[in-house]
file work-v2.cif (mmCIF, C-alpha atoms and all ligand atoms)
data_query
#
loop_
_atom_site.label_atom_id
_atom_site.label_comp_id
_atom_site.auth_asym_id
_atom_site.auth_seq_id
_atom_site.Cartn_x
_atom_site.Cartn_y
_atom_site.Cartn_z
CA MET M 28 11.33 -24.64 14.55
CA ALA M 29 10.60 -27.67 12.41
CA ARG M 30 9.31 -26.81 8.94
CA SER M 31 6.68 -28.90 7.29
CA ARG M 32 8.43 -28.57 3.92
CA ARG M 33 11.52 -27.19 2.27
CA LEU M 34 11.21 -23.47 1.61
CA GLU M 35 12.06 -22.32 -1.89
CA LYS M 36 11.27 -18.63 -1.67
CA VAL M 37 10.53 -16.41 1.31
CA CYS M 38 8.95 -12.94 1.19
CA LEU M 39 10.43 -10.70 3.89
CA ALA M 40 8.89 -7.44 5.16
CA TYR M 41 11.96 -5.26 4.76
CA SER M 42 12.46 -1.78 6.25
CA GLY M 43 16.08 -1.24 5.33
CA GLY M 44 17.03 -1.06 9.01
CA LEU M 45 19.49 -3.16 10.97
CA ASP M 46 17.17 -5.99 12.04
CA THR M 47 15.55 -6.75 8.74
CA SER M 48 18.89 -6.50 6.93
CA VAL M 49 20.28 -9.17 9.25
CA ILE M 50 17.10 -11.23 8.80
CA LEU M 51 17.42 -11.08 5.02
CA HIS M 52 20.91 -12.53 5.16
CA TRP M 53 19.99 -15.06 7.87
CA LEU M 54 16.99 -16.42 5.93
CA LYS M 55 19.14 -17.22 2.92
CA ALA M 56 21.77 -18.90 5.05
CA GLU M 57 19.30 -20.78 7.26
CA PHE M 58 16.91 -22.08 4.63
CA ASP M 59 19.10 -21.97 1.53
CA CYS M 60 16.18 -20.21 -0.18
CA GLU M 61 15.52 -17.17 -2.33
CA VAL M 62 14.43 -14.04 -0.47
CA LEU M 63 12.06 -11.49 -1.96
CA ALA M 64 11.97 -8.19 -0.05
CA TYR M 65 8.71 -6.27 0.36
CA THR M 66 8.34 -2.75 1.73
CA ALA M 67 5.09 -0.98 2.55
CA ASP M 68 4.92 2.80 2.41
CA VAL M 69 2.44 3.81 5.09
CA GLY M 70 3.89 7.30 5.47
CA GLN M 71 6.92 6.43 7.61
CA GLU M 72 8.86 9.15 5.76
CA GLU M 73 12.02 7.10 5.75
CA GLU M 74 14.14 7.15 2.66
CA LEU M 75 12.60 4.62 0.32
CA ALA M 76 14.88 5.55 -2.56
CA GLY M 77 17.79 3.14 -2.62
CA LEU M 78 15.95 0.52 -0.59
CA PRO M 79 15.61 -2.05 -3.40
CA GLU M 80 19.33 -1.68 -4.18
CA LYS M 81 20.17 -2.21 -0.54
CA ALA M 82 17.98 -5.31 -0.34
CA ARG M 83 19.57 -6.73 -3.48
CA SER M 84 23.07 -6.01 -2.21
CA ILE M 85 22.36 -8.20 0.83
CA GLY M 86 21.08 -10.95 -1.43
CA ALA M 87 17.38 -10.37 -2.17
CA VAL M 88 16.19 -11.44 -5.62
CA ASP M 89 14.14 -8.26 -5.76
CA CYS M 90 12.41 -5.67 -3.58
CA ILE M 91 8.81 -4.69 -4.14
CA VAL M 92 7.67 -1.35 -2.69
CA ARG M 93 3.94 -0.70 -2.32
CA ASP M 94 2.52 2.74 -1.63
CA LEU M 95 -0.31 2.05 0.85
CA ARG M 96 -0.80 5.56 2.21
CA GLU M 97 -4.20 6.25 0.68
CA GLU M 98 -5.58 2.85 1.54
CA PHE M 99 -4.22 3.14 5.08
CA VAL M 100 -6.06 6.35 5.86
CA ARG M 101 -9.24 5.53 3.91
CA ASP M 102 -9.77 1.92 4.99
CA PHE M 103 -8.13 1.77 8.42
CA VAL M 104 -7.67 5.20 10.05
CA PHE M 105 -11.04 6.63 9.05
CA PRO M 106 -13.06 3.57 10.14
CA ALA M 107 -11.30 3.86 13.53
CA ILE M 108 -12.35 7.52 13.76
CA ARG M 109 -15.94 6.61 12.83
CA GLY M 110 -15.99 4.05 15.62
CA ASN M 111 -14.21 6.23 18.22
CA ALA M 112 -11.64 3.46 18.63
CA ILE M 113 -9.40 4.35 21.55
CA TYR M 114 -7.55 1.60 23.44
CA GLU M 115 -7.62 1.79 27.22
CA GLY M 116 -9.11 5.25 26.96
CA THR M 117 -5.85 6.73 25.65
CA TYR M 118 -4.08 5.04 22.70
CA LEU M 119 -5.37 5.99 19.24
CA LEU M 120 -4.00 2.77 17.70
CA GLY M 121 -1.70 4.20 15.00
CA THR M 122 0.56 1.13 14.82
CA ALA M 123 -2.22 -1.40 15.36
CA LEU M 124 -4.21 0.01 12.42
CA ALA M 125 -1.32 -0.22 9.97
CA ARG M 126 -0.33 -3.83 10.72
CA PRO M 127 -3.23 -5.69 9.09
CA LEU M 128 -2.85 -3.57 5.95
CA ILE M 129 0.91 -4.20 5.75
CA ALA M 130 0.34 -7.92 6.28
CA LYS M 131 -2.48 -8.10 3.73
CA HIS M 132 -0.20 -6.73 1.00
CA HIS M 133 2.69 -8.83 2.28
CA ALA M 134 0.66 -11.99 1.73
CA GLU M 135 -0.50 -10.75 -1.66
CA VAL M 136 3.06 -9.98 -2.84
CA ALA M 137 4.21 -13.37 -1.54
CA LEU M 138 1.50 -15.29 -3.39
CA GLU M 139 1.83 -13.28 -6.60
CA ASN M 140 5.55 -14.03 -6.68
CA GLY M 141 5.40 -17.71 -5.91
CA CYS M 142 6.72 -17.57 -2.36
CA ASP M 143 5.94 -20.34 0.08
CA ALA M 144 6.62 -18.35 3.25
CA VAL M 145 6.48 -14.87 4.74
CA ALA M 146 8.96 -13.49 7.29
CA HIS M 147 8.78 -10.45 9.54
CA GLY M 148 11.05 -8.64 12.00
CA ALA M 149 8.66 -8.32 14.94
CA THR M 150 9.94 -9.68 18.26
CA GLY M 151 8.40 -12.42 20.35
CA LYS M 152 7.28 -10.06 23.10
CA GLY M 153 5.14 -7.56 21.23
CA ASN M 154 1.72 -7.09 19.71
CA ASP M 155 2.93 -6.75 16.15
CA GLN M 156 3.84 -10.43 15.68
CA VAL M 157 0.24 -11.26 16.64
CA ARG M 158 -1.26 -8.66 14.28
CA PHE M 159 0.86 -9.76 11.32
CA GLU M 160 0.35 -13.44 11.85
CA LEU M 161 -3.38 -13.36 12.57
CA THR M 162 -3.73 -11.48 9.28
CA PHE M 163 -1.66 -14.12 7.43
CA ARG M 164 -3.75 -16.85 9.03
CA ALA M 165 -6.99 -15.17 8.00
CA LEU M 166 -6.00 -14.24 4.44
CA ALA M 167 -3.39 -16.74 3.31
CA PRO M 168 -3.21 -19.73 5.65
CA GLU M 169 -1.20 -21.67 3.08
CA LEU M 170 1.85 -19.47 3.68
CA GLU M 171 4.43 -20.61 6.18
CA ILE M 172 5.41 -17.93 8.73
CA ILE M 173 8.97 -17.22 9.87
CA ALA M 174 9.62 -14.92 12.84
CA PRO M 175 13.42 -14.97 13.21
CA TRP M 176 13.44 -13.09 16.53
CA ARG M 177 11.64 -16.09 18.06
CA GLU M 178 13.94 -18.60 16.40
CA TRP M 179 17.53 -17.53 16.11
CA ASP M 180 20.03 -17.09 18.91
CA LEU M 181 20.66 -13.37 18.36
CA ARG M 182 19.38 -11.58 21.45
CA SER M 183 20.24 -7.91 21.10
CA ARG M 184 21.21 -5.06 18.88
CA SER M 185 24.87 -5.70 19.50
CA ASP M 186 24.38 -9.33 18.41
CA CYS M 187 22.97 -7.93 15.16
CA PHE M 188 26.03 -5.71 14.72
CA ALA M 189 28.31 -8.65 15.35
CA TYR M 190 26.33 -10.64 12.73
CA CYS M 191 26.76 -7.80 10.21
CA GLU M 192 30.48 -7.65 10.83
CA ALA M 193 30.91 -11.40 10.56
CA ASN M 194 28.94 -11.52 7.32
CA GLY M 195 30.05 -8.35 5.59
CA ILE M 196 26.67 -6.59 5.75
CA GLU M 197 27.01 -2.84 5.49
CA THR M 198 24.83 -0.83 7.82
CA SER M 199 24.38 2.84 8.56
CA ALA M 200 22.62 2.08 11.86
CA THR M 201 24.04 3.46 15.07
CA ARG M 202 25.08 1.06 17.81
CA GLU M 203 23.07 2.73 20.52
CA LYS M 204 19.40 3.23 19.87
CA PRO M 205 17.70 5.04 22.76
CA TYR M 206 14.22 3.70 21.89
CA SER M 207 12.28 1.96 19.14
CA ILE M 208 10.22 4.09 16.75
CA ASP M 209 7.29 3.14 14.56
CA ARG M 210 6.01 5.87 12.29
CA ASN M 211 3.18 6.13 9.78
CA LEU M 212 0.67 8.74 8.56
CA MET M 213 -1.41 8.39 11.71
CA HIS M 214 1.25 8.55 14.40
CA VAL M 215 4.77 8.14 15.69
CA SER M 216 5.23 5.66 18.52
CA TYR M 217 8.22 5.35 20.82
CA GLU M 218 8.93 2.53 23.22
CA GLY M 219 11.70 0.45 24.73
CA GLY M 220 15.20 1.57 25.69
CA ILE M 221 15.32 4.57 27.99
CA LEU M 222 11.51 4.78 27.98
CA GLU M 223 11.23 1.49 29.85
CA ASP M 224 11.38 3.35 33.18
CA PRO M 225 7.78 4.64 33.38
CA TRP M 226 8.80 7.43 35.77
CA ARG M 227 11.41 8.89 33.43
CA ALA M 228 10.02 11.66 31.23
CA ALA M 229 10.71 11.48 27.51
CA ASP M 230 13.39 13.84 26.20
CA GLU M 231 12.02 16.77 24.25
CA GLY M 232 14.44 15.97 21.42
CA MET M 233 12.69 12.66 20.79
CA PHE M 234 9.51 14.08 19.26
CA LEU M 235 9.32 14.18 15.48
CA THR M 236 5.93 15.64 14.56
CA THR M 237 4.75 17.81 17.46
CA CYS M 238 6.26 20.75 19.30
CA ALA M 239 6.00 20.97 23.07
CA PRO M 240 2.76 22.70 24.13
CA GLU M 241 4.75 25.48 25.81
CA ALA M 242 6.70 26.08 22.59
CA ALA M 243 3.53 26.42 20.48
CA PRO M 244 2.43 29.80 19.07
CA ASP M 245 0.68 32.25 21.40
CA THR M 246 -2.19 32.70 18.97
CA PRO M 247 -4.58 29.76 18.54
CA ALA M 248 -5.17 28.11 15.17
CA GLU M 249 -8.77 27.79 14.02
CA VAL M 250 -9.82 24.92 11.81
CA VAL M 251 -13.12 23.66 10.40
CA ILE M 252 -13.39 19.95 9.61
CA GLY M 253 -16.14 18.65 7.35
CA PHE M 254 -17.53 15.09 7.60
CA GLU M 255 -19.77 13.00 5.40
CA GLN M 256 -21.37 10.00 7.07
CA GLY M 257 -18.70 9.98 9.74
CA THR M 258 -15.80 10.26 7.29
CA PRO M 259 -13.59 13.37 7.29
CA VAL M 260 -13.73 15.02 3.85
CA SER M 261 -12.58 18.64 4.14
CA ILE M 262 -10.47 21.16 6.02
CA ASP M 263 -11.67 24.76 6.02
CA GLY M 264 -14.03 23.96 3.16
CA GLU M 265 -11.32 22.46 0.95
CA VAL M 266 -12.18 18.91 -0.07
CA LEU M 267 -9.16 16.63 0.34
CA GLY M 268 -8.41 12.96 -0.20
CA PRO M 269 -7.78 10.85 2.92
CA ALA M 270 -3.96 10.92 2.98
CA ALA M 271 -3.73 14.61 2.04
CA LEU M 272 -6.30 15.55 4.67
CA LEU M 273 -4.53 13.69 7.45
CA SER M 274 -1.08 15.02 6.44
CA LYS M 275 -2.33 18.57 6.42
CA LEU M 276 -3.98 18.20 9.79
CA ASN M 277 -0.86 16.54 11.22
CA ARG M 278 1.18 19.63 10.34
CA LEU M 279 -1.36 22.08 11.71
CA ALA M 280 -2.02 20.20 14.95
CA GLY M 281 1.62 19.22 15.44
CA SER M 282 2.77 22.82 15.19
CA ASN M 283 0.31 23.65 17.98
CA GLY M 284 1.62 20.94 20.27
CA VAL M 285 -1.46 18.75 19.89
CA GLY M 286 -1.55 14.95 20.15
CA ARG M 287 1.10 13.75 22.59
CA VAL M 288 0.31 10.86 24.88
CA ASP M 289 2.47 9.05 27.44
CA MET M 290 0.98 5.86 28.85
CA VAL M 291 1.54 2.36 30.15
CA GLU M 292 -0.60 -0.05 28.17
CA ASN M 293 -1.51 -3.71 28.44
CA ARG M 294 -0.12 -5.71 25.53
CA PHE M 295 -2.16 -8.62 24.19
CA VAL M 296 0.64 -11.03 25.12
CA GLY M 297 0.19 -10.13 28.79
CA LEU M 298 2.95 -7.59 29.45
CA LYS M 299 2.62 -3.99 30.51
CA SER M 300 4.52 -1.59 28.29
CA ARG M 301 5.27 2.11 28.38
CA GLY M 302 4.52 3.90 25.13
CA VAL M 303 4.81 7.51 24.03
CA TYR M 304 2.79 8.60 21.02
CA GLU M 305 2.33 11.60 18.75
CA THR M 306 -1.01 11.53 16.94
CA PRO M 307 -1.64 15.18 16.05
CA GLY M 308 -4.16 14.96 13.20
CA GLY M 309 -5.82 11.82 14.57
CA SER M 310 -6.47 13.48 17.93
CA VAL M 311 -8.20 16.41 16.23
CA LEU M 312 -10.30 14.10 14.04
CA HIS M 313 -11.48 12.10 17.06
CA ALA M 314 -12.50 15.27 18.93
CA ALA M 315 -14.22 16.75 15.88
CA HIS M 316 -16.05 13.54 15.05
CA ARG M 317 -17.37 13.20 18.57
CA ALA M 318 -18.58 16.80 18.51
CA LEU M 319 -20.43 16.27 15.23
CA GLU M 320 -22.05 13.12 16.59
CA SER M 321 -23.44 15.15 19.47
CA ILE M 322 -25.85 16.89 17.10
CA THR M 323 -26.37 14.20 14.47
CA LEU M 324 -26.71 10.92 16.36
CA ASP M 325 -29.85 9.69 18.00
CA ARG M 326 -29.24 9.33 21.73
CA ASP M 327 -29.78 5.60 21.92
CA VAL M 328 -27.90 4.82 18.72
CA MET M 329 -25.00 6.79 20.20
CA HIS M 330 -25.12 4.91 23.47
CA GLU M 331 -25.30 1.51 21.75
CA ARG M 332 -22.35 2.43 19.54
CA ASP M 333 -20.46 3.68 22.58
CA ARG M 334 -20.77 0.22 24.08
CA LEU M 335 -19.14 -1.22 20.96
CA SER M 336 -16.24 1.26 20.81
CA PRO M 337 -14.02 -0.24 23.55
CA ARG M 338 -14.47 -3.71 22.07
CA PHE M 339 -13.76 -2.38 18.57
CA ALA M 340 -10.54 -0.79 19.91
CA GLU M 341 -9.56 -4.02 21.63
CA LEU M 342 -10.05 -6.05 18.45
CA ILE M 343 -7.88 -3.59 16.52
CA TYR M 344 -5.22 -3.65 19.24
CA ASN M 345 -5.20 -7.43 19.47
CA GLY M 346 -4.88 -7.92 15.72
CA PHE M 347 -8.34 -9.20 14.82
CA TRP M 348 -9.00 -6.77 11.95
CA TYR M 349 -9.89 -9.69 9.71
CA SER M 350 -12.27 -11.68 11.89
CA PRO M 351 -16.00 -12.44 11.91
CA GLU M 352 -16.59 -10.45 15.11
CA MET M 353 -14.86 -7.44 13.54
CA ASP M 354 -17.11 -7.64 10.45
CA PHE M 355 -20.11 -7.65 12.75
CA ILE M 356 -18.96 -4.67 14.83
CA ARG M 357 -17.87 -2.65 11.80
CA ALA M 358 -21.23 -3.17 10.11
CA ALA M 359 -23.00 -1.93 13.24
CA ILE M 360 -20.72 1.09 13.57
CA ASP M 361 -21.05 2.04 9.90
CA ALA M 362 -24.84 1.82 10.19
CA SER M 363 -24.65 4.34 13.04
CA GLN M 364 -22.84 6.88 10.85
CA ASP M 365 -25.45 7.51 8.11
CA ASN M 366 -26.45 10.84 9.60
CA VAL M 367 -23.00 12.04 10.79
CA THR M 368 -22.60 14.78 8.19
CA GLY M 369 -21.66 18.38 8.86
CA GLU M 370 -18.87 20.60 10.11
CA VAL M 371 -17.01 21.20 13.34
CA ARG M 372 -15.10 24.32 14.22
CA LEU M 373 -12.11 23.86 16.50
CA LYS M 374 -9.42 25.90 18.12
CA LEU M 375 -5.96 24.37 18.61
CA TYR M 376 -3.96 26.07 21.29
CA LYS M 377 -0.78 24.98 23.09
CA GLY M 378 -1.56 21.27 23.04
CA GLY M 379 -5.28 21.69 23.66
CA ILE M 380 -8.14 20.87 21.30
CA HIS M 381 -11.19 23.04 21.90
CA VAL M 382 -14.46 22.54 20.07
CA ASN M 383 -15.98 25.93 19.34
CA GLY M 384 -18.93 25.05 17.16
CA ARG M 385 -20.73 22.37 15.17
CA ARG M 386 -23.39 22.46 12.46
CA SER M 387 -25.13 20.00 10.19
CA PRO M 388 -27.76 20.03 7.44
CA VAL M 389 -29.23 16.97 9.18
CA SER M 390 -28.86 18.11 12.76
CA LEU M 391 -31.16 16.59 15.36
CA TYR M 392 -30.61 19.48 17.71
CA SER M 393 -33.58 21.77 18.11
CA GLU M 394 -32.87 25.22 19.40
CA ALA M 395 -36.59 25.80 19.86
CA MET M 396 -37.12 22.67 21.96
CA SER M 397 -34.00 23.08 24.13
CA SER M 398 -34.40 26.78 24.66
CA PHE M 399 -35.01 28.42 28.01
CA GLU M 400 -37.07 30.97 26.09
CA ASP M 401 -40.72 30.35 25.27
CA ALA M 402 -40.83 28.89 21.75
CA GLY M 403 -44.59 29.43 21.45
CA GLU M 404 -46.44 27.33 18.86
CA ALA M 405 -43.26 25.53 17.68
CA ASP M 406 -42.81 23.95 21.08
CA THR M 407 -43.94 20.32 21.19
CA TYR M 408 -42.27 19.78 24.54
CA ASP M 409 -44.88 20.24 27.24
CA GLN M 410 -43.20 20.82 30.58
CA HIS M 411 -46.23 19.37 32.39
CA ASP M 412 -45.32 15.98 30.90
CA ALA M 413 -42.02 16.06 32.79
CA GLU M 414 -43.86 15.84 36.11
CA GLY M 415 -45.45 12.46 35.33
CA PHE M 416 -42.24 11.26 33.67
CA ILE M 417 -40.25 11.85 36.86
CA ARG M 418 -42.97 10.49 39.15
CA LEU M 419 -43.05 7.16 37.29
CA GLN M 420 -39.23 6.99 37.14
CA GLY M 421 -39.15 7.52 40.91
CA LEU M 422 -41.84 4.96 41.81
CA ARG M 423 -39.41 2.10 42.32
CA LEU M 424 -36.82 4.04 44.34
CA PRO M 425 -36.74 2.95 48.00
CA LYS M 426 -36.69 5.59 50.72
CA VAL M 427 -33.08 5.99 51.86
CA SER M 428 -31.79 8.09 54.70
CA VAL M 429 -28.95 10.38 53.69
CA ASP M 430 -27.35 11.06 57.04
N1 LIG B 501 2.60 -0.26 21.60
C1 LIG B 501 2.13 0.10 20.31
C2 LIG B 501 1.20 -0.96 19.78
O1 LIG B 501 1.28 -2.09 20.22
C3 LIG B 501 3.24 0.40 19.34
C4 LIG B 501 4.11 -0.78 18.94
C5 LIG B 501 5.22 -0.51 17.94
N2 LIG B 501 6.01 0.60 18.31
C6 LIG B 501 7.36 0.68 18.35
N3 LIG B 501 7.87 1.79 18.75
N4 LIG B 501 8.13 -0.30 18.00
O2 LIG B 501 0.41 -0.72 18.91
#
call {"tool": "encode", "arguments": {"input": "work-v2.cif", "output": "structure tokens", "more": "lines below"}}
Ligand code: ARG
result
Amino acid sequence: MARSRRLEKVCLAYSGGLDTSVILHWLKAEFDCEVLAYTADVGQEEELAGLPEKARSIGAVDCIVRDLREEFVRDFVFPAIRGNAIYEGTYLLGTALARPLIAKHHAEVALENGCDAVAHGATGKGNDQVRFELTFRALAPELEIIAPWREWDLRSRSDCFAYCEANGIETSATREKPYSIDRNLMHVSYEGGILEDPWRAADEGMFLTTCAPEAAPDTPAEVVIGFEQGTPVSIDGEVLGPAALLSKLNRLAGSNGVGRVDMVENRFVGLKSRGVYETPGGSVLHAAHRALESITLDRDVMHERDRLSPRFAELIYNGFWYSPEMDFIRAAIDASQDNVTGEVRLKLYKGGIHVNGRRSPVSLYSEAMSSFEDAGEADTYDQHDAEGFIRLQGLRLPKVSVD
């Protein structure tokens, strides 16, 4: 691709893996520039110790590691829970939520360190290139973007190995990789490789954070989640910060086989793709949040918000976190959450999430009004009113024959 100017210094999102190690070396050779490595910790649990040394040994001037775990859960995962963001009815968006955050800090690190370009290791067929680059466009349009997978003539993992051998890059990666993994505090995602056949079941050995439902304990786990204005704040009465809360719930739900999903989704670029996900804590938070809304949200506010949720999910999936339409939808969703405060009691059992109770100091639910029993004086619901209500609703219905 033709560059508009000579690049002096490029900031590369570096994971320490095979691809980005090759990219680091390739950038220097291709552009005769300095390369600054940048690594975001979003809870991927990979060894971050030794990463800067590794980057420097391949030729980086430095490697900057940013711990984004708290910000990830507080500013990305929790807003998605508040808005019931679920893509195509199934995917809880773990990867899609982390990308704009990673890219935001990527751009910041690049600008702070005098870089004129950013580079990433996402391929030309996926969603992640779109998410990264839309974020760069929105937040730092002055930075040039380099996506080597779309530019160079390496086509496969074995090409990358050959490149390492030819250029003396040491790698601990294995030649065969059965699938691609993306992990953070919200989820683990698996796709590609042997998962590309949508009929073939995933191997049990693949899963990192959940046990199989049938291998889960025979006694259910009970858990109470507390929310304030739609935001999860406590587990069993213990107030926890965002990252600690989600980690704790991941362990509890994962050990009960909760949160696995296997689906074929529509990528923004127009391809269908098979993905397998583990989102243990996130699945529980979605179920709990919905249950709390059932007693704290006004019916019509809930239904209006429900119309926004699929669009909100689509914007997250497609990479438009930083966009005017997202600001608009997020403001509307947050306004719906003012009253979503209270607790939900759940039972986790062999992969299932069962809501067993909900309560709130600001509940809109009235036992007296809903009751089948006579509530006496307290009852403002006059059953005679229902007769006229139904008659007027039925006025416009044409007579139809049912046989
Ligand atoms: N399909 C998911 C998404 O677009 C995950 C993508 C990254 N996952 C991976 N295993 N490389 O959000």
call {"tool": "residues_around", "arguments": {"input": "work-v2.cif", "residues": "Arg227 in chain M", "least_positions_apart": "2", "cutoff": "12 Å", "atoms": "only C-alpha atoms", "output": "PyMOL selection string"}}
result
chain M and resi 220-225+229-230+289-290+301-303
call {"tool": "atom_distance", "arguments": {"input": "work-v2.cif", "atom1": "CA of Phe159 in chain M", "atom2": "CA of Ala123 in chain M"}}
result
9.8 Å
call {"tool": "residues_near_ligand", "arguments": {"input": "work-v2.cif", "ligand": "ligand LIG 501 (chain B)", "cutoff": "10 Å", "atoms": "all atoms listed in the file", "output": "ChimeraX atom specification"}}
result
/M:114,118-126,149-150,153-158,206-210,214-219,290-295,299-304,343-346
call {"tool": "write_last_selection", "arguments": {"input": "work-v2.cif", "atoms": "C-alpha atoms", "output": "mmCIF file, in the frame of the given file"}}
result
data_model
loop_
_atom_site.group_PDB
_atom_site.id
_atom_site.type_symbol
_atom_site.label_atom_id
_atom_site.label_comp_id
_atom_site.auth_asym_id
_atom_site.auth_seq_id
_atom_site.Cartn_x
_atom_site.Cartn_y
_atom_site.Cartn_z
ATOM 1 C CA TYR M 114 -7.550 1.600 23.440
ATOM 2 C CA TYR M 118 -4.080 5.040 22.700
ATOM 3 C CA LEU M 119 -5.370 5.990 19.240
ATOM 4 C CA LEU M 120 -4.000 2.770 17.700
ATOM 5 C CA GLY M 121 -1.700 4.200 15.000
ATOM 6 C CA THR M 122 0.560 1.130 14.820
ATOM 7 C CA ALA M 123 -2.220 -1.400 15.360
ATOM 8 C CA LEU M 124 -4.210 0.010 12.420
ATOM 9 C CA ALA M 125 -1.320 -0.220 9.970
ATOM 10 C CA ARG M 126 -0.330 -3.830 10.720
ATOM 11 C CA ALA M 149 8.660 -8.320 14.940
ATOM 12 C CA THR M 150 9.940 -9.680 18.260
ATOM 13 C CA GLY M 153 5.140 -7.560 21.230
ATOM 14 C CA ASN M 154 1.720 -7.090 19.710
ATOM 15 C CA ASP M 155 2.930 -6.750 16.150
ATOM 16 C CA GLN M 156 3.840 -10.430 15.680
ATOM 17 C CA VAL M 157 0.240 -11.260 16.640
ATOM 18 C CA ARG M 158 -1.260 -8.660 14.280
ATOM 19 C CA TYR M 206 14.220 3.700 21.890
ATOM 20 C CA SER M 207 12.280 1.960 19.140
ATOM 21 C CA ILE M 208 10.220 4.090 16.750
ATOM 22 C CA ASP M 209 7.290 3.140 14.560
ATOM 23 C CA ARG M 210 6.010 5.870 12.290
ATOM 24 C CA HIS M 214 1.250 8.550 14.400
ATOM 25 C CA VAL M 215 4.770 8.140 15.690
ATOM 26 C CA SER M 216 5.230 5.660 18.520
ATOM 27 C CA TYR M 217 8.220 5.350 20.820
ATOM 28 C CA GLU M 218 8.930 2.530 23.220
ATOM 29 C CA GLY M 219 11.700 0.450 24.730
ATOM 30 C CA MET M 290 0.980 5.860 28.850
ATOM 31 C CA VAL M 291 1.540 2.360 30.150
ATOM 32 C CA GLU M 292 -0.600 -0.050 28.170
ATOM 33 C CA ASN M 293 -1.510 -3.710 28.440
ATOM 34 C CA ARG M 294 -0.120 -5.710 25.530
ATOM 35 C CA PHE M 295 -2.160 -8.620 24.190
ATOM 36 C CA LYS M 299 2.620 -3.990 30.510
ATOM 37 C CA SER M 300 4.520 -1.590 28.290
ATOM 38 C CA ARG M 301 5.270 2.110 28.380
ATOM 39 C CA GLY M 302 4.520 3.900 25.130
ATOM 40 C CA VAL M 303 4.810 7.510 24.030
ATOM 41 C CA TYR M 304 2.790 8.600 21.020
ATOM 42 C CA ILE M 343 -7.880 -3.590 16.520
ATOM 43 C CA TYR M 344 -5.220 -3.650 19.240
ATOM 44 C CA ASN M 345 -5.200 -7.430 19.470
ATOM 45 C CA GLY M 346 -4.880 -7.920 15.720
#
call {"tool": "atom_distance", "arguments": {"input": "work-v2.cif", "atom1": "CA of Gly281 in chain M", "atom2": "CA of Thr306 in chain M"}}
result
8.3 Å
call {"tool": "axis_aligned_box", "arguments": {"input": "work-v2.cif", "around": "range 337-351 of chain M", "padding_each_side": "3 Å", "output": "AutoDock Vina command-line options"}}
result
--center_x -10.4 --center_y -6.3 --center_z 16.6 --size_x 17.1 --size_y 18.2 --size_z 19.8
call {"tool": "atom_distance", "arguments": {"input": "work-v2.cif", "atom1": "CA of Ile172 in chain M", "atom2": "CA of Phe58 in chain M"}}
result
12.9 Å
call {"tool": "closest_atom_pairs", "arguments": {"input": "work-v2.cif", "of": "range 123-213 of chain M", "to": "range 91-108 of chain M", "cutoff": "9 Å", "atoms": "all atoms listed in the file", "output": "tab-separated table"}}
result
residue	atom	partner	partner_atom	distance
M:Leu124	CA	M:Phe103	CA	5.9
M:Ala125	CA	M:Phe99	CA	6.6
M:Pro127	CA	M:Phe103	CA	9.0
M:Leu128	CA	M:Phe99	CA	6.9
M:Ile129	CA	M:Leu95	CA	8.0
M:His132	CA	M:Arg93	CA	8.0
M:Val136	CA	M:Ile91	CA	7.9
M:Asn211	CA	M:Arg96	CA	8.6
M:Leu212	CA	M:Arg96	CA	7.3
M:Met213	CA	M:Val104	CA	7.2
call {"tool": "closest_residue", "arguments": {"input": "work-v2.cif", "among": "M:Phe339, M:Tyr392, M:Phe254, M:Trp179", "to": "Asp354 in chain M", "atoms": "only C-alpha atoms"}}
result
M:Phe339
call {"tool": "residues_around", "arguments": {"input": "work-v2.cif", "residues": "range 184-193 of chain M", "least_positions_apart": "2", "cutoff": "8 Å", "atoms": "all atoms listed in the file", "output": "list of chain:residue names"}}
result
M:Leu45, M:Asp46, M:Val49, M:Leu181, M:Arg182, M:Gly195, M:Ile196, M:Glu197, M:Thr198, M:Arg202
call {"tool": "closest_residue", "arguments": {"input": "work-v2.cif", "among": "M:Gln364, M:Ser428, M:Asn277, M:Ser282", "to": "Val328 in chain M", "atoms": "all atoms listed in the file"}}
result
M:Gln364
call {"tool": "residues_around", "arguments": {"input": "work-v2.cif", "residues": "Leu78 in chain M", "least_positions_apart": "6", "cutoff": "9 Å", "atoms": "only C-alpha atoms", "output": "list in words"}}
result
Tyr41, Ser42, Gly43, Thr66, Cys90 and Val92 of chain M
call {"tool": "residues_around", "arguments": {"input": "work-v2.cif", "residues": "Leu319 in chain M", "least_positions_apart": "2", "cutoff": "9 Å", "atoms": "only C-alpha atoms", "output": "ChimeraX atom specification"}}
result
/M:254,257,314-317,321-324,367-371,385-387,390
call {"tool": "closest_residue", "arguments": {"input": "work-v2.cif", "among": "M:Leu39, M:Phe355, M:Pro269, M:Glu115", "to": "Asp143 in chain M", "atoms": "all atoms listed in the file"}}
result
M:Leu39
call {"tool": "closest_residue", "arguments": {"input": "work-v2.cif", "among": "M:His381, M:Arg164, M:Arg332, M:Arg338", "to": "Val145 in chain M", "atoms": "all atoms listed in the file"}}
result
M:Arg164
call {"tool": "residues_around", "arguments": {"input": "work-v2.cif", "residues": "range 51-54 of chain M", "least_positions_apart": "5", "cutoff": "7 Å", "atoms": "only C-alpha atoms", "output": "JSON, numbers by chain"}}
result
{"M": [62, 85, 86]}
call {"tool": "closest_residue", "arguments": {"input": "work-v2.cif", "among": "M:Glu241, M:Glu320, M:Asp409, M:Glu80", "to": "Ala64 in chain M", "atoms": "all atoms listed in the file"}}
result
M:Glu80
call {"tool": "closest_residue", "arguments": {"input": "work-v2.cif", "among": "M:Val285, M:Val260, M:Val250, M:Leu235", "to": "Gly384 in chain M", "atoms": "only C-alpha atoms"}}
result
M:Val250
